[in-house]
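Worksheet: the structure to be examined is printed underneath.
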Amino acid sequence: MERCSHARRRLLAAAMVAAGTPWRISRAQHVVRLLVGFPPGGAIDVTARVYAEAMRGAGTFVVENRAGAAGNIAATALAQSRPEASTVMLAPLNVYCISTALYRSLSFDPARDFAPVGIVATFPWVLAVHPDIPVRSVPAFIAWARARPGQALCGMAAVGSEGHLMAFGFSQNEQCPLTFVPYKGGAPMAQDLMAGHIPAVFDPIVNLAPAHKAGKVRILAVTSAERSALLPEVPTFTELGYPSAAGETWIGASARQGVPAPAVRDLSTALLAAGRTAAVKDKLAAIGLAANVQGPEAMAATMASDTQRYAGLVRALGLKLD
């Protein structure tokens, strides 16, 4: 019986190597925790579960939700974990690039504590207005806001969020005077927009595309370099001549700094291979995300540039949170 079991293991290993699967992961780490700093059902959680399913051949990947503090609870858990490839975090741009400038005290430093594994998905933001607002284009919206200084309200899911900083940058660069209204999350903000309590918001396309299609909100532009397949009729800010509003949220995977480089490379290989499959691309596209996979070096470079960009916006706003 033992001889038969051993033979099966050898055959499985050979098959996985032949298929290009990083056998070192499945052999050395039976279970890999995927830390997610947001509740189940959101875009980050769904992305993690799609990848966990797609990477089954490289090990057992289990999503562990550590929701709260805009993703910082999960980031703290990763920073305090042992430097082993059995713990990986999937987190959006704000955790990697905004938190260090925004918070007075953090128990982690992305540059010091995290080892980039790779970018696994991206999604754009949109400028949306209530249908009763008499504007159907970005230039008309800017003119509308300029005619109402102090009254052109713009919702933000949280103070210092990426949406807040993106809207502030647009407001400053285009001389579009917006008054920001903070919310405790994107859901109540979207509800107030649809109810007409606020006239405009910057929010991820995944949150507002269904409402736009139902005529409950009007999306004027998307922040991605190209039009979104989710709403191909909506123009980009760049094509309209407003590059200051360009940019996308990316979701990156990272391990604890100190994990051996070969293990990080194996994790990256498994993750990027999964992101190139039709199954992952289709599942992410269904919720408005693109599987734009990039390796550890590209993620590190993106982290550095986006940290600099958003730190400047945080300073311009004079924001500091406890």
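Labeling convention for the structure tokens: chains A, B, ... as they appear, residues from 1 per chain, ligands from 1 in order of appearance.
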Q: Can you list, as a PyMOL selection string, all residues belonging to range 167-301 of chain A that DSSP tags as strand (DSSP E)?
A: chain A and resi 179-182+200-204+218-222+248-256
Could the residues in this selection be saved with N, CA, C and O atoms as a short mmCIF file (atom, residue, chain, number, x, y, z; two decimals), in the first residue's frame?
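Contents of out.cif, freshly written:
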```cif
data_model
loop_
_atom_site.label_atom_id
_atom_site.label_comp_id
_atom_site.auth_asym_id
_atom_site.auth_seq_id
_atom_site.Cartn_x
_atom_site.Cartn_y
_atom_site.Cartn_z
N THR A 179 -17.11 70.20 -3.07
CA THR A 179 -17.17 70.12 -1.61
C THR A 179 -17.38 68.65 -1.24
O THR A 179 -18.40 68.06 -1.62
N PHE A 180 -16.43 68.09 -0.53
CA PHE A 180 -16.44 66.64 -0.30
C PHE A 180 -17.27 66.26 0.92
O PHE A 180 -17.17 66.88 1.98
N VAL A 181 -18.08 65.22 0.73
CA VAL A 181 -18.97 64.71 1.78
C VAL A 181 -18.52 63.30 2.14
O VAL A 181 -18.63 62.39 1.31
N PRO A 182 -18.02 63.09 3.37
CA PRO A 182 -17.52 61.76 3.74
C PRO A 182 -18.64 60.80 4.13
O PRO A 182 -19.64 61.19 4.72
N ALA A 200 -23.06 64.11 -6.92
CA ALA A 200 -21.97 63.47 -7.67
C ALA A 200 -21.09 62.64 -6.74
O ALA A 200 -21.01 62.89 -5.53
N VAL A 201 -20.40 61.66 -7.33
CA VAL A 201 -19.43 60.84 -6.59
C VAL A 201 -18.32 60.39 -7.53
O VAL A 201 -18.51 60.33 -8.75
N PHE A 202 -17.17 60.06 -6.95
CA PHE A 202 -16.13 59.26 -7.61
C PHE A 202 -16.20 57.89 -6.93
O PHE A 202 -16.08 57.81 -5.70
N ASP A 203 -16.38 56.84 -7.69
CA ASP A 203 -16.55 55.51 -7.11
C ASP A 203 -16.06 54.47 -8.11
O ASP A 203 -16.05 54.73 -9.31
N PRO A 204 -15.66 53.28 -7.65
CA PRO A 204 -15.26 52.23 -8.60
C PRO A 204 -16.40 51.87 -9.54
O PRO A 204 -17.56 51.83 -9.15
N ARG A 218 -25.93 58.52 -13.61
CA ARG A 218 -25.36 58.75 -14.94
C ARG A 218 -23.84 58.83 -14.81
O ARG A 218 -23.32 59.74 -14.16
N ILE A 219 -23.15 57.88 -15.40
CA ILE A 219 -21.69 57.88 -15.37
C ILE A 219 -21.17 58.70 -16.54
O ILE A 219 -21.52 58.46 -17.69
N LEU A 220 -20.31 59.68 -16.22
CA LEU A 220 -19.82 60.61 -17.24
C LEU A 220 -18.50 60.19 -17.86
O LEU A 220 -18.24 60.47 -19.03
N ALA A 221 -17.63 59.53 -17.08
CA ALA A 221 -16.32 59.14 -17.60
C ALA A 221 -15.68 58.11 -16.68
O ALA A 221 -16.03 58.01 -15.49
N VAL A 222 -14.74 57.35 -17.25
CA VAL A 222 -13.99 56.36 -16.48
C VAL A 222 -12.52 56.76 -16.44
O VAL A 222 -12.03 57.44 -17.34
N GLU A 248 -6.00 53.79 -12.20
CA GLU A 248 -6.82 52.65 -11.82
C GLU A 248 -6.36 52.10 -10.48
O GLU A 248 -5.21 52.25 -10.10
N THR A 249 -7.30 51.50 -9.79
CA THR A 249 -6.92 50.75 -8.59
C THR A 249 -6.36 49.41 -9.02
O THR A 249 -6.92 48.75 -9.90
N TRP A 250 -5.25 49.02 -8.43
CA TRP A 250 -4.71 47.69 -8.68
C TRP A 250 -4.76 46.88 -7.39
O TRP A 250 -4.69 47.43 -6.29
N ILE A 251 -4.90 45.60 -7.56
CA ILE A 251 -4.91 44.66 -6.43
C ILE A 251 -3.64 43.85 -6.52
O ILE A 251 -3.36 43.22 -7.54
N GLY A 252 -2.85 43.89 -5.45
CA GLY A 252 -1.56 43.21 -5.46
C GLY A 252 -1.47 42.15 -4.39
O GLY A 252 -2.09 42.24 -3.33
N ALA A 253 -0.67 41.13 -4.67
CA ALA A 253 -0.40 40.08 -3.70
C ALA A 253 0.99 40.30 -3.14
O ALA A 253 1.93 40.67 -3.86
N SER A 254 1.13 40.07 -1.84
CA SER A 254 2.44 40.21 -1.22
C SER A 254 2.62 39.18 -0.12
O SER A 254 1.64 38.71 0.48
N ALA A 255 3.86 38.83 0.12
CA ALA A 255 4.23 37.94 1.21
C ALA A 255 4.97 38.76 2.27
O ALA A 255 5.18 39.97 2.10
N ARG A 256 5.34 38.12 3.34
CA ARG A 256 6.12 38.79 4.38
C ARG A 256 7.55 38.97 3.88
O ARG A 256 8.11 38.08 3.25
#
```
Q: Between CA of Val314 in chain A and CA of Val126 in chain A, measure the distance and give it in Å to one decimal.
A: 20.4 Å
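For the atom pair formed by CA of Glu174 in chain A and CA of Ile198 in chain A, the distance is 20.6 Å, given to one decimal.
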Q. Neighbours of range 130-139 of chain A within 12 Å (only C-alpha atoms; same-chain residues fewer than 5 positions away dropped), as a PyMOL selection string?
A. chain A and resi 144-146+152-155+170-171+174-176+189-201+208+211-222+234-242+245
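Counting only C-alpha atoms, the residue from A:Thr122, A:His30, A:Ala286, A:Leu178 that sits nearest to Phe141 in chain A is A:Leu178.
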Q: Within range 40-204 of chain A, find each residue whose DSSP state, derived from the backbone, is helix (DSSP H, G or I), and express the selection as JSON, numbers by chain.
A: {"A": [43, 44, 45, 46, 47, 48, 49, 50, 51, 52, 53, 54, 56, 57, 58, 69, 70, 71, 72, 73, 74, 75, 76, 77, 78, 79, 93, 94, 95, 96, 97, 99, 100, 101, 102, 110, 111, 112, 113, 138, 139, 140, 141, 142, 143, 144, 145, 146, 162, 163, 164, 165, 166, 167, 168, 169, 170, 171, 172, 173, 186, 187, 188, 189, 190, 191, 192, 193, 194, 195]}
Q: Report the distance between CA of Ala158 in chain A and CA of Gly185 in chain A in Å, rounded to one decimal place.
A: 6.1 Å
Can you check which parts of range 58-129 of chain A lie within 12 Å of range 288-301 of chain A? Per residue, the shortest pair of atoms and distance in Å to one decimal, counting only C-alpha atoms, sorted by chain and number, as a Markdown table.
```
| residue | atom | partner | partner_atom | distance |
| --- | --- | --- | --- | --- |
| A:Pro92 | CA | A:Met299 | CA | 11.7 |
| A:Leu93 | CA | A:Met299 | CA | 10.4 |
| A:Tyr96 | CA | A:Ala300 | CA | 9.9 |
| A:Cys97 | CA | A:Ala300 | CA | 10.7 |
| A:Pro110 | CA | A:Ala300 | CA | 10.1 |
| A:Ala111 | CA | A:Ala300 | CA | 8.6 |
| A:Arg112 | CA | A:Ala300 | CA | 11.7 |
| A:Phe114 | CA | A:Ala300 | CA | 10.0 |
| A:Ala115 | CA | A:Pro296 | CA | 8.0 |
| A:Pro116 | CA | A:Pro296 | CA | 5.0 |
| A:Val117 | CA | A:Pro296 | CA | 4.7 |
| A:Gly118 | CA | A:Gly295 | CA | 4.4 |
| A:Ile119 | CA | A:Gln294 | CA | 5.0 |
| A:Val120 | CA | A:Val293 | CA | 4.7 |
| A:Ala121 | CA | A:Ala291 | CA | 4.4 |
| A:Thr122 | CA | A:Ala290 | CA | 5.3 |
| A:Phe123 | CA | A:Leu289 | CA | 4.9 |
| A:Pro124 | CA | A:Leu289 | CA | 8.1 |
| A:Trp125 | CA | A:Gly288 | CA | 10.4 |
| A:Val126 | CA | A:Gly288 | CA | 11.9 |
```
(Q) Which residues are close to Arg309 in chain A, i.e. within 12 Å by only C-alpha atoms, leaving aside same-chain residues fewer than 3 positions away? Reply as a ChimeraX atom specification. (A) /A:93-94,97-98,101,162,165-166,169,244,247,302-306,312-316
What does the file look like for those residues with all heavy atoms, as a short mmCIF file (atom, residue, chain, number, x, y, z; two decimals), in the first residue's frame?
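New file result-v3.cif:
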```cif
data_model
loop_
_atom_site.label_atom_id
_atom_site.label_comp_id
_atom_site.auth_asym_id
_atom_site.auth_seq_id
_atom_site.Cartn_x
_atom_site.Cartn_y
_atom_site.Cartn_z
N LEU A 93 -4.54 49.14 -3.86
CA LEU A 93 -3.54 50.20 -3.87
C LEU A 93 -3.46 50.98 -2.56
O LEU A 93 -2.36 51.30 -2.11
CB LEU A 93 -3.87 51.14 -5.04
CG LEU A 93 -3.03 52.38 -5.31
CD1 LEU A 93 -3.18 52.75 -6.78
CD2 LEU A 93 -3.44 53.57 -4.47
N ASN A 94 -4.60 51.29 -1.94
CA ASN A 94 -4.56 52.17 -0.77
C ASN A 94 -3.73 51.58 0.37
O ASN A 94 -3.05 52.32 1.09
CB ASN A 94 -5.97 52.49 -0.28
CG ASN A 94 -6.70 51.30 0.29
OD1 ASN A 94 -7.16 50.43 -0.46
ND2 ASN A 94 -6.82 51.22 1.60
N CYS A 97 0.02 52.05 -0.80
CA CYS A 97 0.54 53.34 -1.25
C CYS A 97 -0.02 54.57 -0.56
O CYS A 97 0.53 55.66 -0.72
CB CYS A 97 0.31 53.48 -2.76
SG CYS A 97 0.99 52.16 -3.75
N ILE A 98 -1.13 54.45 0.17
CA ILE A 98 -1.75 55.63 0.78
C ILE A 98 -1.62 55.61 2.30
O ILE A 98 -1.41 56.66 2.92
CB ILE A 98 -3.24 55.73 0.36
CG1 ILE A 98 -3.35 55.93 -1.15
CG2 ILE A 98 -3.93 56.89 1.09
CD1 ILE A 98 -4.78 55.96 -1.67
N ALA A 101 1.21 57.54 4.27
CA ALA A 101 1.13 59.00 4.28
C ALA A 101 -0.07 59.49 5.08
O ALA A 101 -0.05 60.58 5.66
CB ALA A 101 1.05 59.53 2.85
N GLU A 162 -8.90 56.36 -1.76
CA GLU A 162 -8.40 56.63 -3.11
C GLU A 162 -9.38 57.49 -3.89
O GLU A 162 -8.99 58.39 -4.64
CB GLU A 162 -8.15 55.31 -3.85
CG GLU A 162 -7.46 55.50 -5.19
CD GLU A 162 -7.22 54.20 -5.90
OE1 GLU A 162 -7.50 53.13 -5.33
OE2 GLU A 162 -6.74 54.24 -7.05
N LEU A 165 -8.95 61.13 -2.83
CA LEU A 165 -7.74 61.72 -3.37
C LEU A 165 -7.84 61.92 -4.88
O LEU A 165 -7.38 62.93 -5.43
CB LEU A 165 -6.52 60.86 -3.03
CG LEU A 165 -6.24 60.69 -1.53
CD1 LEU A 165 -5.04 59.78 -1.32
CD2 LEU A 165 -6.02 62.03 -0.85
N MET A 166 -8.47 60.97 -5.56
CA MET A 166 -8.64 61.08 -7.00
C MET A 166 -9.55 62.25 -7.35
O MET A 166 -9.26 63.06 -8.26
CB MET A 166 -9.22 59.78 -7.56
CG MET A 166 -9.21 59.67 -9.07
SD MET A 166 -9.71 58.02 -9.60
CE MET A 166 -8.29 57.03 -9.13
N GLY A 169 -7.68 65.55 -6.64
CA GLY A 169 -6.73 65.86 -7.70
C GLY A 169 -7.42 66.41 -8.93
O GLY A 169 -6.96 67.39 -9.54
N SER A 244 -5.47 64.33 -15.74
CA SER A 244 -5.26 64.42 -14.29
C SER A 244 -6.13 63.42 -13.54
O SER A 244 -5.82 63.06 -12.40
CB SER A 244 -5.56 65.83 -13.78
OG SER A 244 -6.94 66.14 -13.95
N GLY A 247 -6.14 56.91 -13.97
CA GLY A 247 -5.57 56.03 -12.96
C GLY A 247 -6.54 54.91 -12.61
O GLY A 247 -7.76 55.07 -12.75
N THR A 302 5.53 50.02 -9.35
CA THR A 302 4.23 50.69 -9.28
C THR A 302 3.96 51.18 -7.87
O THR A 302 3.42 52.29 -7.68
CB THR A 302 3.11 49.73 -9.73
OG1 THR A 302 3.36 49.31 -11.07
CG2 THR A 302 1.75 50.40 -9.66
N MET A 303 4.30 50.37 -6.87
CA MET A 303 4.15 50.80 -5.48
C MET A 303 4.91 52.10 -5.22
O MET A 303 4.40 53.04 -4.60
CB MET A 303 4.65 49.71 -4.53
CG MET A 303 3.69 48.58 -4.28
SD MET A 303 4.41 47.29 -3.19
CE MET A 303 4.69 48.25 -1.68
N ALA A 304 6.14 52.16 -5.71
CA ALA A 304 6.97 53.33 -5.46
C ALA A 304 6.39 54.58 -6.11
O ALA A 304 6.30 55.64 -5.48
CB ALA A 304 8.39 53.07 -5.97
N SER A 305 5.96 54.47 -7.37
CA SER A 305 5.43 55.65 -8.07
C SER A 305 4.09 56.09 -7.51
O SER A 305 3.85 57.29 -7.34
CB SER A 305 5.32 55.36 -9.57
OG SER A 305 4.42 54.29 -9.82
N ASP A 306 3.22 55.15 -7.19
CA ASP A 306 1.90 55.52 -6.65
C ASP A 306 2.00 56.04 -5.23
O ASP A 306 1.21 56.91 -4.82
CB ASP A 306 0.95 54.32 -6.71
CG ASP A 306 0.35 54.12 -8.10
OD1 ASP A 306 0.56 54.99 -8.96
OD2 ASP A 306 -0.32 53.10 -8.33
N GLY A 312 1.70 63.07 -2.17
CA GLY A 312 1.58 64.47 -2.53
C GLY A 312 0.16 64.99 -2.37
O GLY A 312 -0.06 66.11 -1.88
N LEU A 313 -0.83 64.16 -2.73
CA LEU A 313 -2.23 64.56 -2.59
C LEU A 313 -2.64 64.62 -1.12
O LEU A 313 -3.38 65.52 -0.70
CB LEU A 313 -3.13 63.59 -3.35
CG LEU A 313 -3.02 63.66 -4.87
CD1 LEU A 313 -3.80 62.51 -5.52
CD2 LEU A 313 -3.55 65.00 -5.39
N VAL A 314 -2.14 63.68 -0.32
CA VAL A 314 -2.43 63.70 1.12
C VAL A 314 -1.86 64.96 1.76
O VAL A 314 -2.52 65.63 2.57
CB VAL A 314 -1.87 62.44 1.82
CG1 VAL A 314 -1.94 62.58 3.33
CG2 VAL A 314 -2.64 61.20 1.37
N ARG A 315 -0.65 65.33 1.37
CA ARG A 315 -0.03 66.56 1.91
C ARG A 315 -0.82 67.79 1.47
O ARG A 315 -1.04 68.71 2.26
CB ARG A 315 1.42 66.67 1.43
CG ARG A 315 2.38 65.72 2.15
CD ARG A 315 3.83 66.12 1.88
NE ARG A 315 4.16 66.06 0.46
CZ ARG A 315 4.64 64.99 -0.16
NH1 ARG A 315 4.82 63.86 0.53
NH2 ARG A 315 4.93 65.02 -1.44
N ALA A 316 -1.23 67.82 0.21
CA ALA A 316 -1.98 68.97 -0.30
C ALA A 316 -3.31 69.14 0.44
O ALA A 316 -3.77 70.26 0.67
CB ALA A 316 -2.23 68.82 -1.80
#
```
Could you give me, as a Markdown table, every range 87-121 of chain A residue with an atom at most 12 Å from range 55-63 of chain A, plus its closest atom pair and distance in Å to one decimal, counting only C-alpha atoms, rows ordered by chain then number?
```
| residue | atom | partner | partner_atom | distance |
| --- | --- | --- | --- | --- |
| A:Thr87 | CA | A:Phe61 | CA | 9.5 |
| A:Val88 | CA | A:Phe61 | CA | 9.4 |
| A:Met89 | CA | A:Val63 | CA | 9.4 |
| A:Leu90 | CA | A:Val63 | CA | 9.5 |
```
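Residue nearest Lys184 in chain A within the list A:Gly160, A:Gly41, A:Pro243, A:Pro83: A:Gly160 [criterion: smallest interatomic distance, only C-alpha atoms].
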